[in-house]
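*Asks:* Contents of final-v7.txt (compact mmCIF, C-alpha atoms) are given next:
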# COMPACT_ATOMS: atom_id res chain seq x y z
CA MET A 1 21.90 54.28 148.83
CA LEU A 2 21.41 50.63 147.94
CA VAL A 3 24.50 48.73 146.80
CA SER A 4 25.17 45.13 145.95
CA ARG A 5 27.74 43.26 147.99
CA GLY A 6 28.53 40.97 145.10
CA ARG A 7 29.75 43.45 142.50
CA ASN A 8 32.37 46.13 142.06
CA PRO A 9 31.29 49.66 142.99
CA SER A 10 29.87 51.76 140.19
CA ALA A 11 31.23 55.18 139.21
CA GLY A 12 28.24 56.83 140.90
CA GLU A 13 28.90 55.00 144.16
CA VAL A 14 32.58 55.96 144.08
CA ILE A 15 31.74 59.63 143.48
CA THR A 16 29.11 59.59 146.24
CA GLN A 17 31.61 58.10 148.70
CA ALA A 18 34.27 60.63 147.68
CA VAL A 19 31.87 63.50 148.41
CA SER A 20 30.07 62.20 151.50
CA ASN A 21 32.74 60.15 153.28
CA PRO A 22 35.04 62.48 155.28
CA GLU A 23 37.98 60.06 155.39
CA LEU A 24 38.00 59.28 151.66
CA ARG A 25 37.44 62.96 150.82
CA GLY A 26 40.33 63.94 153.08
CA ARG A 27 42.63 61.38 151.45
CA ILE A 28 41.78 62.60 147.96
CA LEU A 29 42.26 66.28 148.88
CA THR A 30 45.55 65.46 150.62
CA THR A 31 46.80 63.66 147.51
CA ILE A 32 45.80 66.51 145.19
CA GLY A 33 47.33 69.17 147.44
CA LEU A 34 50.67 67.39 147.79
CA LEU A 35 50.88 66.69 144.05
CA LEU A 36 50.30 70.40 143.37
CA LEU A 37 53.14 71.15 145.79
CA VAL A 38 55.44 68.88 143.77
CA ARG A 39 54.53 70.73 140.57
CA LEU A 40 55.14 74.09 142.28
CA GLY A 41 58.71 73.11 143.20
CA ILE A 42 59.54 72.45 139.54
CA TYR A 43 58.94 76.13 138.70
CA ILE A 44 61.10 77.53 141.54
CA PRO A 45 64.32 78.28 139.61
CA MET A 46 67.85 77.49 140.75
CA PRO A 47 70.07 80.61 140.78
CA GLY A 48 73.25 81.27 138.85
CA ILE A 49 72.42 79.49 135.55
CA ASP A 50 72.40 80.89 132.01
CA ARG A 51 69.13 79.34 130.89
CA VAL A 52 69.37 80.48 127.28
CA ALA A 53 72.66 78.61 126.77
CA PHE A 54 71.27 75.52 128.51
CA GLN A 55 68.21 75.49 126.26
CA GLN A 56 70.51 75.61 123.23
CA PHE A 57 72.30 72.56 124.63
CA LEU A 58 69.00 70.69 124.94
CA GLU A 59 68.00 71.61 121.41
CA GLY A 60 71.37 70.36 120.19
CA GLY A 61 70.65 66.80 121.26
CA GLY A 62 70.73 66.26 125.01
CA GLN A 63 69.05 62.86 124.63
CA LEU A 64 69.51 61.47 128.12
CA ILE A 65 68.35 64.70 129.75
CA GLY A 66 65.37 64.73 127.40
CA PHE A 67 64.54 61.16 128.46
CA LEU A 68 64.79 62.07 132.16
CA ASP A 69 62.63 65.12 131.49
CA ILE A 70 59.70 62.79 130.76
CA PHE A 71 59.70 61.53 134.36
CA THR A 72 60.25 64.95 135.96
CA GLY A 73 57.51 66.80 134.10
CA GLY A 74 59.95 69.22 132.50
CA GLY A 75 61.86 69.71 135.75
CA VAL A 76 65.28 69.00 134.23
CA SER A 77 64.85 71.36 131.29
CA SER A 78 63.28 74.09 133.45
CA LEU A 79 66.04 73.73 136.10
CA GLY A 80 63.76 73.98 139.12
CA ILE A 81 64.76 72.92 142.63
CA PHE A 82 62.71 69.72 142.13
CA ALA A 83 64.55 69.01 138.85
CA LEU A 84 65.55 65.45 139.87
CA GLY A 85 62.13 64.79 141.35
CA ILE A 86 61.45 61.21 142.36
CA LEU A 87 64.17 59.72 140.12
CA PRO A 88 66.76 59.03 142.89
CA PHE A 89 64.12 57.20 144.93
CA ILE A 90 63.03 55.13 141.91
CA ASN A 91 66.66 54.27 141.15
CA ALA A 92 67.25 53.36 144.80
CA SER A 93 64.19 51.09 144.79
CA ILE A 94 65.50 49.29 141.71
CA ILE A 95 68.95 48.91 143.31
CA LEU A 96 67.39 47.47 146.49
CA GLN A 97 65.36 44.99 144.45
CA LEU A 98 68.54 43.80 142.76
CA LEU A 99 70.44 43.61 146.05
CA THR A 100 67.56 41.77 147.77
CA ALA A 101 67.84 39.01 145.18
CA ALA A 102 71.64 38.88 145.61
CA LEU A 103 72.17 39.38 149.36
CA PRO A 104 70.72 36.77 151.79
CA GLN A 105 70.55 39.34 154.62
CA LEU A 106 68.17 41.61 152.70
CA GLU A 107 66.19 38.64 151.45
CA ASP A 108 65.76 37.44 155.03
CA LEU A 109 64.56 40.89 156.09
CA GLN A 110 61.95 40.93 153.35
CA LYS A 111 60.64 37.37 153.77
CA ASN A 112 61.01 36.50 157.44
CA GLU A 113 60.98 39.74 159.45
CA GLY A 114 57.45 40.82 158.56
CA GLU A 115 56.49 44.46 158.93
CA ALA A 116 59.65 45.32 160.89
CA GLY A 117 61.81 43.94 158.08
CA ARG A 118 59.93 45.89 155.45
CA ARG A 119 60.43 49.07 157.48
CA LYS A 120 64.16 48.42 157.67
CA ILE A 121 64.32 47.90 153.90
CA ALA A 122 62.34 51.12 153.41
CA GLN A 123 64.82 52.98 155.62
CA ILE A 124 67.76 51.50 153.70
CA THR A 125 66.06 52.58 150.46
CA ARG A 126 65.88 56.16 151.76
CA TYR A 127 69.61 56.18 152.57
CA VAL A 128 70.44 54.74 149.15
CA ALA A 129 68.19 57.36 147.54
CA LEU A 130 70.06 60.09 149.44
CA GLY A 131 73.44 58.77 148.31
CA TRP A 132 72.32 58.20 144.74
CA GLY A 133 70.63 61.61 144.63
CA LEU A 134 73.85 63.23 145.84
CA VAL A 135 75.82 61.51 143.06
CA GLN A 136 73.28 62.54 140.42
CA SER A 137 73.19 66.10 141.78
CA VAL A 138 76.98 66.46 141.62
CA VAL A 139 77.14 65.03 138.09
CA PHE A 140 74.29 67.28 136.95
CA SER A 141 75.97 70.28 138.59
CA LEU A 142 79.24 69.50 136.78
CA ILE A 143 77.31 69.42 133.50
CA LEU A 144 75.64 72.73 134.33
CA LYS A 145 78.79 74.56 135.44
CA GLN A 146 79.60 75.49 131.83
CA TYR A 147 76.26 77.35 131.79
CA ALA A 148 76.88 79.24 135.04
CA THR A 149 76.47 83.00 134.95
CA GLU A 150 79.56 85.19 135.04
CA GLY A 151 81.06 86.06 138.39
CA VAL A 152 80.15 82.77 140.12
CA SER A 153 82.98 80.50 141.29
CA GLU A 154 82.80 76.99 139.82
CA VAL A 155 83.25 75.33 143.22
CA VAL A 156 80.57 77.48 144.83
CA PHE A 157 78.23 76.88 141.88
CA VAL A 158 78.66 73.07 141.99
CA VAL A 159 78.18 72.92 145.77
CA GLN A 160 75.07 75.14 145.93
CA THR A 161 73.47 73.53 142.87
CA ALA A 162 74.10 69.99 144.13
CA LEU A 163 72.69 70.83 147.58
CA ALA A 164 69.58 72.40 146.03
CA LEU A 165 68.99 69.40 143.77
CA VAL A 166 69.47 66.70 146.39
CA THR A 167 67.38 68.62 148.95
CA GLY A 168 64.55 69.02 146.46
CA SER A 169 64.72 65.33 145.61
CA MET A 170 64.48 64.33 149.28
CA VAL A 171 61.48 66.64 149.75
CA VAL A 172 59.74 64.99 146.78
CA MET A 173 60.54 61.55 148.25
CA TRP A 174 59.03 62.58 151.60
CA ILE A 175 55.92 63.95 149.87
CA SER A 176 55.47 60.68 147.96
CA GLU A 177 55.65 58.69 151.20
CA VAL A 178 53.08 60.98 152.82
CA ILE A 179 50.78 60.40 149.83
CA THR A 180 51.19 56.64 150.18
CA GLU A 181 50.44 56.76 153.91
CA ARG A 182 47.72 59.40 154.13
CA GLY A 183 46.44 59.77 150.58
CA ILE A 184 45.16 57.56 147.78
CA GLY A 185 47.45 55.46 145.62
CA GLN A 186 51.19 54.83 145.57
CA GLY A 187 52.95 58.15 146.05
CA ALA A 188 56.02 57.66 143.84
CA SER A 189 53.93 56.32 140.96
CA LEU A 190 51.47 59.22 141.24
CA VAL A 191 54.32 61.75 141.13
CA ILE A 192 55.60 60.24 137.87
CA PHE A 193 52.01 60.06 136.58
CA LEU A 194 51.50 63.77 137.31
CA ASN A 195 54.78 64.74 135.66
CA ILE A 196 53.88 62.89 132.46
CA VAL A 197 50.37 64.34 132.41
CA ALA A 198 51.82 67.84 132.90
CA THR A 199 53.70 67.55 129.60
CA LEU A 200 50.69 66.33 127.60
CA PRO A 201 49.17 69.75 126.74
CA GLN A 202 52.46 71.00 125.30
CA THR A 203 53.04 67.75 123.37
CA VAL A 204 49.52 67.56 121.96
CA GLY A 205 49.54 71.29 121.17
CA GLY A 206 52.80 70.91 119.28
CA ALA A 207 51.41 68.01 117.25
CA ILE A 208 48.27 69.99 116.37
CA THR A 209 50.40 72.97 115.34
CA GLN A 210 52.43 70.73 113.06
CA ALA A 211 49.23 69.44 111.48
CA GLN A 212 47.86 72.96 110.97
CA THR A 213 51.03 74.34 109.41
CA GLY A 214 51.75 71.23 107.32
CA ASP A 215 50.13 69.80 104.22
CA ARG A 216 47.35 67.23 103.93
CA GLY A 217 49.82 64.42 104.53
CA THR A 218 50.71 65.88 107.93
CA VAL A 219 47.04 65.78 109.00
CA LEU A 220 46.78 62.16 107.86
CA ASP A 221 49.94 61.33 109.82
CA LEU A 222 48.44 62.88 112.96
CA ILE A 223 45.24 60.84 112.51
CA LYS A 224 47.28 57.69 111.94
CA ILE A 225 49.42 58.23 115.04
CA THR A 226 46.32 59.00 117.14
CA LEU A 227 44.65 55.74 116.07
CA VAL A 228 47.82 53.76 116.80
CA PHE A 229 48.09 55.27 120.28
CA LEU A 230 44.44 54.56 121.05
CA ALA A 231 44.91 50.93 119.98
CA THR A 232 48.07 50.79 122.09
CA ILE A 233 46.20 52.03 125.18
CA VAL A 234 43.53 49.33 124.71
CA GLY A 235 46.24 46.69 124.36
CA ILE A 236 48.05 47.94 127.47
CA VAL A 237 44.87 47.69 129.54
CA PHE A 238 44.27 44.10 128.48
CA VAL A 239 47.88 43.00 129.00
CA GLN A 240 48.27 44.79 132.33
CA GLU A 241 45.20 42.97 133.64
CA ALA A 242 45.96 39.62 131.97
CA SER A 243 47.15 36.71 134.11
CA ARG A 244 47.44 32.93 133.91
CA ARG A 245 45.52 31.20 136.68
CA LEU A 246 47.18 27.96 137.75
CA PRO A 247 44.66 25.70 139.54
CA ILE A 248 45.78 24.57 143.00
CA VAL A 249 44.06 22.09 145.34
CA SER A 250 44.56 21.77 149.09
CA ALA A 251 44.54 18.30 150.64
CA LYS A 252 41.88 17.07 153.06
CA ARG A 253 42.72 17.80 156.70
CA GLN A 254 41.85 15.91 159.86
CA VAL A 255 40.02 17.98 162.47
CA GLY A 256 39.67 16.55 165.96
CA GLY A 257 39.12 12.85 166.28
CA THR A 258 36.74 12.08 163.43
CA GLY A 259 35.99 15.23 161.42
CA THR A 260 37.79 16.24 158.21
CA LEU A 261 37.93 19.44 156.22
CA PRO A 262 37.14 18.87 152.52
CA SER A 263 39.74 19.73 149.91
CA ARG A 264 39.53 23.26 148.49
CA GLN A 265 40.28 24.36 144.95
CA SER A 266 41.70 27.76 144.18
CA TYR A 267 44.18 29.24 141.73
CA LEU A 268 47.63 30.83 141.66
CA PRO A 269 47.65 34.03 139.51
CA MET A 270 50.71 34.71 137.36
CA LYS A 271 50.75 38.06 135.56
CA LEU A 272 51.46 38.19 131.86
CA ASN A 273 53.54 41.35 132.22
CA ALA A 274 55.30 40.85 135.55
CA GLY A 275 57.93 43.53 134.93
CA GLY A 276 55.50 46.31 134.04
CA VAL A 277 57.30 49.26 132.49
CA MET A 278 60.71 48.52 134.02
CA PRO A 279 62.14 46.55 131.02
CA ILE A 280 61.41 49.53 128.76
CA ILE A 281 63.04 51.98 131.19
CA PHE A 282 66.17 49.81 131.50
CA ALA A 283 66.41 49.31 127.73
CA SER A 284 65.89 53.02 127.04
CA ALA A 285 68.63 53.98 129.49
CA MET A 286 71.02 51.50 127.89
CA LEU A 287 70.36 52.97 124.44
CA PHE A 288 70.58 56.62 125.52
CA LEU A 289 73.82 56.12 127.46
CA PRO A 290 76.14 55.64 124.41
CA ALA A 291 74.65 58.71 122.70
CA THR A 292 75.23 60.81 125.81
CA VAL A 293 78.82 59.56 126.21
CA ALA A 294 79.51 60.30 122.54
CA GLN A 295 78.07 63.78 122.94
CA PHE A 296 80.41 64.67 125.81
CA ALA A 297 83.45 62.77 124.44
CA LYS A 298 83.24 64.61 121.09
CA GLN A 299 85.08 61.84 119.23
CA GLU A 300 84.17 61.47 115.56
CA TRP A 301 84.60 57.69 115.41
CA LEU A 302 82.43 57.24 118.50
CA SER A 303 79.73 59.51 117.10
CA GLN A 304 79.70 57.52 113.83
CA ALA A 305 79.40 54.24 115.72
CA VAL A 306 76.55 55.55 117.85
CA GLY A 307 74.83 56.85 114.72
CA TYR A 308 74.13 53.29 113.62
CA ILE A 309 71.98 52.72 116.72
CA SER A 310 70.12 56.02 116.60
CA PRO A 311 66.33 56.29 116.02
CA GLY A 312 65.41 55.81 112.38
CA ASN A 313 67.96 53.05 111.70
CA TRP A 314 66.93 49.38 111.75
CA PRO A 315 69.83 48.30 114.08
CA TYR A 316 68.38 50.68 116.69
CA TYR A 317 64.97 48.98 116.63
CA LEU A 318 66.44 45.46 116.62
CA LEU A 319 68.70 46.26 119.59
CA TYR A 320 65.87 48.03 121.42
CA PHE A 321 63.57 45.02 120.94
CA ALA A 322 66.27 42.57 122.09
CA LEU A 323 67.07 44.64 125.19
CA ILE A 324 63.41 44.88 126.17
CA LEU A 325 63.00 41.12 125.86
CA ALA A 326 66.18 40.45 127.85
CA PHE A 327 65.22 42.83 130.65
CA ALA A 328 61.69 41.36 130.72
CA TYR A 329 63.19 37.96 131.60
CA PHE A 330 65.62 39.56 134.05
CA TYR A 331 62.94 41.50 135.92
CA ALA A 332 60.53 38.54 135.95
CA SER A 333 63.22 36.44 137.65
CA LEU A 334 63.45 39.09 140.38
CA THR A 335 59.72 39.34 141.02
CA LEU A 336 58.90 35.62 141.04
CA ASN A 337 60.89 32.72 142.51
CA PRO A 338 59.42 29.34 141.40
CA THR A 339 61.44 27.42 144.01
CA ASP A 340 60.06 29.48 146.90
CA ILE A 341 56.50 29.21 145.56
CA ALA A 342 56.80 25.43 145.22
CA SER A 343 58.22 25.19 148.74
CA ASN A 344 55.40 27.27 150.22
CA LEU A 345 52.75 25.25 148.39
CA LYS A 346 54.24 21.99 149.66
CA ARG A 347 54.50 23.33 153.21
CA GLY A 348 50.83 24.35 153.13
CA GLY A 349 49.63 21.00 151.78
CA VAL A 350 48.66 22.57 148.43
CA ALA A 351 49.48 21.11 145.02
CA ILE A 352 48.90 21.75 141.32
CA PRO A 353 46.72 18.95 139.88
CA GLY A 354 48.79 16.52 137.84
CA VAL A 355 52.14 17.91 139.07
CA ARG A 356 54.22 16.34 141.84
CA PRO A 357 55.07 18.64 144.78
CA GLY A 358 58.58 20.00 145.19
CA THR A 359 61.03 20.16 142.29
CA ALA A 360 58.48 19.15 139.67
CA THR A 361 56.17 21.98 140.75
CA ALA A 362 59.06 24.47 140.64
CA ASN A 363 59.98 23.34 137.12
CA TYR A 364 56.34 23.57 135.99
CA ILE A 365 55.94 27.10 137.39
CA SER A 366 59.27 28.10 135.85
CA GLY A 367 58.12 26.86 132.43
CA VAL A 368 54.83 28.75 132.69
CA GLN A 369 56.71 31.87 133.81
CA ALA A 370 59.11 31.61 130.84
CA ARG A 371 56.25 31.39 128.33
CA LEU A 372 54.32 34.25 129.94
CA THR A 373 57.46 36.40 130.03
CA LEU A 374 58.07 35.71 126.34
CA LEU A 375 54.56 36.86 125.45
CA GLY A 376 54.80 39.88 127.75
CA GLY A 377 58.23 40.83 126.39
CA LEU A 378 57.03 40.54 122.79
CA PHE A 379 54.08 42.78 123.65
CA LEU A 380 56.32 45.38 125.29
CA GLY A 381 58.63 45.32 122.30
CA ALA A 382 55.72 45.77 119.89
CA VAL A 383 54.27 48.59 122.02
CA VAL A 384 57.58 50.45 121.80
CA ILE A 385 58.69 49.69 118.25
CA VAL A 386 55.43 50.07 116.30
CA PRO A 387 54.55 53.64 117.46
CA SER A 388 58.21 54.67 117.13
CA LEU A 389 58.38 53.37 113.56
CA ILE A 390 55.16 55.15 112.62
CA GLU A 391 56.30 58.41 114.23
CA THR A 392 59.70 58.14 112.49
CA THR A 393 58.11 57.72 109.06
CA SER A 394 55.60 60.56 109.61
CA GLN A 395 55.91 64.33 109.69
CA VAL A 396 54.36 64.62 113.18
CA LYS A 397 56.56 64.30 116.25
CA LEU A 398 55.09 63.73 119.71
CA GLY A 399 58.24 64.33 121.72
CA GLY A 400 58.15 62.59 125.11
CA LEU A 401 54.70 61.06 124.63
CA GLY A 402 55.71 57.49 123.85
CA SER A 403 54.95 53.94 124.81
CA THR A 404 56.81 54.24 128.12
CA SER A 405 54.61 57.17 129.11
CA LEU A 406 51.46 55.33 128.04
CA LEU A 407 52.37 52.24 130.06
CA ILE A 408 52.99 54.33 133.18
CA LEU A 409 49.82 56.37 132.74
CA VAL A 410 47.59 53.33 132.21
CA GLY A 411 49.23 51.23 134.93
CA VAL A 412 49.09 53.92 137.62
CA ALA A 413 45.50 54.84 136.70
CA ILE A 414 44.39 51.19 137.00
CA ASP A 415 46.17 50.66 140.34
CA THR A 416 44.82 53.90 141.84
CA ALA A 417 41.27 53.13 140.67
CA LYS A 418 41.51 49.69 142.27
CA GLN A 419 42.59 51.21 145.57
CA VAL A 420 39.64 53.60 145.54
CA GLN A 421 37.26 50.73 144.73
CA THR A 422 38.76 48.63 147.53
CA TYR A 423 38.18 51.47 149.98
CA VAL A 424 34.56 51.90 148.84
CA VAL A 425 33.94 48.15 149.21
CA SER A 426 35.40 48.22 152.73
CA GLN A 427 32.96 51.02 153.59
CA ARG A 428 30.08 48.78 152.52
CA TYR A 429 31.02 46.13 155.05
CA GLU A 430 31.61 48.68 157.79
CA GLY A 431 28.09 49.98 157.15
CA LEU A 432 26.68 46.46 157.36
CA VAL A 433 28.46 45.86 160.67
CA ARG A 434 27.03 49.08 162.14
CA GLN A 435 23.54 47.96 161.09
Show how you would write the structure in this file as structure tokens.

*Replies:*
Amino acid sequence: MLVSRGRNPSAGEVITQAVSNPELRGRILTTIGLLLLVRLGIYIPMPGIDRVAFQQFLEGGGQLIGFLDIFTGGGVSSLGIFALGILPFINASIILQLLTAALPQLEDLQKNEGEAGRRKIAQITRYVALGWGLVQSVVFSLILKQYATEGVSEVVFVVQTALALVTGSMVVMWISEVITERGIGQGASLVIFLNIVATLPQTVGGAITQAQTGDRGTVLDLIKITLVFLATIVGIVFVQEASRRLPIVSAKRQVGGTGTLPSRQSYLPMKLNAGGVMPIIFASAMLFLPATVAQFAKQEWLSQAVGYISPGNWPYYLLYFALILAFAYFYASLTLNPTDIASNLKRGGVAIPGVRPGTATANYISGVQARLTLLGGLFLGAVVIVPSLIETTSQVKLGGLGSTSLLILVGVAIDTAKQVQTYVVSQRYEGLVRQ
């Protein structure tokens, strides 16, 4: 097969490599097999629970559990042993990112210890995930104890349910790490991707049923929502791939006694949406938390106050938009440090044309980052608010299929496709070396 070294691999080349190359084929089959194992664990039920009563609780407005259900592929509502799924590991990763920015010891491990430091941070993340998973399992078990079947002691029920949940979560975390190491793509992201995809048939089927049983306006609402979601997917692809390229020039270097290396020009990429989907997840959790507290507190005044920030009311959308924008700036500050970038550029003899090295470069990068974050935050807010407004004013409800799900699906698909393409390109050069 003839391929060009100067272009990205075509779909035909990728498929040919996936079929003919044993290593790539093995990685793909390993990934698929482990993901199927994750889905199987969701349908293994936990014992001692009155599922009919729990389903009535969900239908009565368990908003936070419904939100978590999106990322577990129905695991929370089905009460399988993998009900928590990858959530404790994701939460632990977020906590470690926050602590790395706050604690110099963790920051030193990440920046100066190389691969050994990253392994230590990964090990710490696992311990945090275990602790956080244990806390979530106990809380979830305390919520479920009112739905325990008769004849089961509350203490025994809480202990056995918490152990089952935290064990299942650790198994899912281990499977995701095996996928990352021996499969294709980032394991944790692929697990979330699979869980969201698993709920699509039910969501789409429910929307079609609503359109079939409704009037002509319901069909028009379904068409309108479909067009909005297609436009949203196109926008997500462009924004996820968009970046600002800052030109950088390296100074001339003296080589030996008389020779010099000419200056080189390159660029520093800065992503438009540095935070990805994390600002939406943080903002959603902040909005769902008061509703969940009000539900368990059962105080009338608190329920009335929370009602003002419930979906369908304009304060809800304003607060949601403001939280997304705030968390976009917060997460961008964690992922990019202008002072460190300016210091590294100066140390390497590299500068931005027209900008003095050092503090001036840091201020310039910080200004560019602020403007990019504003645009990215406005896009995230629009991606969330516009489909939600249209769905609220229509007769068709899509349940968990929202902007957060779309961002995750598109982002993970793009990253996984890039990894496959990178592997295929590496095979080209290995073939050239053998020749």

*Asks:* So, with all atoms listed in the file as the atoms that count, which of A:Ile121, A:Ala326, A:Ile385, A:Ala283 lies closest to A:Gln105?

*Replies:*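 Checking each of A:Ile121, A:Ala326, A:Ile385, A:Ala283 against A:Gln105, counting all atoms listed in the file, the winner is A:Ile121.
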
*Asks:* I'd like the interatomic distance between atom CA of A:Asp50 and atom CA of A:Ala83, to a tenth of an Å.

*Replies:*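 So the two atoms, atom CA of A:Asp50 and atom CA of A:Ala83, lie 15.8 Å apart.
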
*Asks:* Restricting the calculation to only C-alpha atoms: of A:Gly48, A:Pro88, A:Gly183, A:Gly206, which residue gets closest to A:Glu150?

*Replies:* A:Gly48

*Asks:* Just the number, please: distance in Å from atom CA of A:Ile248 to atom CA of A:Lys271, one decimal.

*Replies:*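 That distance, rounded to one decimal, is 16.2 Å.
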
*Asks:* Calculated over all atoms listed in the file, which of the candidates A:Ala332, A:Leu79, A:Leu103, A:Ala122 has the smallest distance to A:Ser137?

*Replies:* A:Leu79

*Asks:* Near A:Gly168, within 10 Å and counting all atoms listed in the file, which residues show up once chain neighbours fewer than 4 positions away are dropped, as an MDAnalysis selection string?

*Replies:* chainID A and resid 38 41:42 80:86 133 162:164 172:174

*Asks:* Out of A:Ala231, A:Leu220, A:Ala274, A:Leu406, which residue has the shortest atom-to-atom distance to A:Leu334 when counting all atoms listed in the file?

*Replies:*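 Looking at the shortest contact to A:Leu334, the residue is A:Ala274.
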
*Asks:* Report the distance between atom CA of A:Ala101 and atom CA of A:Phe330 in Å, rounded to one decimal place.

*Replies:*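 Atom-to-atom, atom CA of A:Ala101 to atom CA of A:Phe330, that is 11.4 Å.
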
*Asks:* At a cut-off of 12 Å, using only C-alpha atoms, what residues contact A:Leu325? Leave out same-chain residues fewer than 2 positions from it and give the result as a ChimeraX atom specification.

*Replies:* /A:273,275,277-280,282-283,318-323,327-332,370,372-382,384
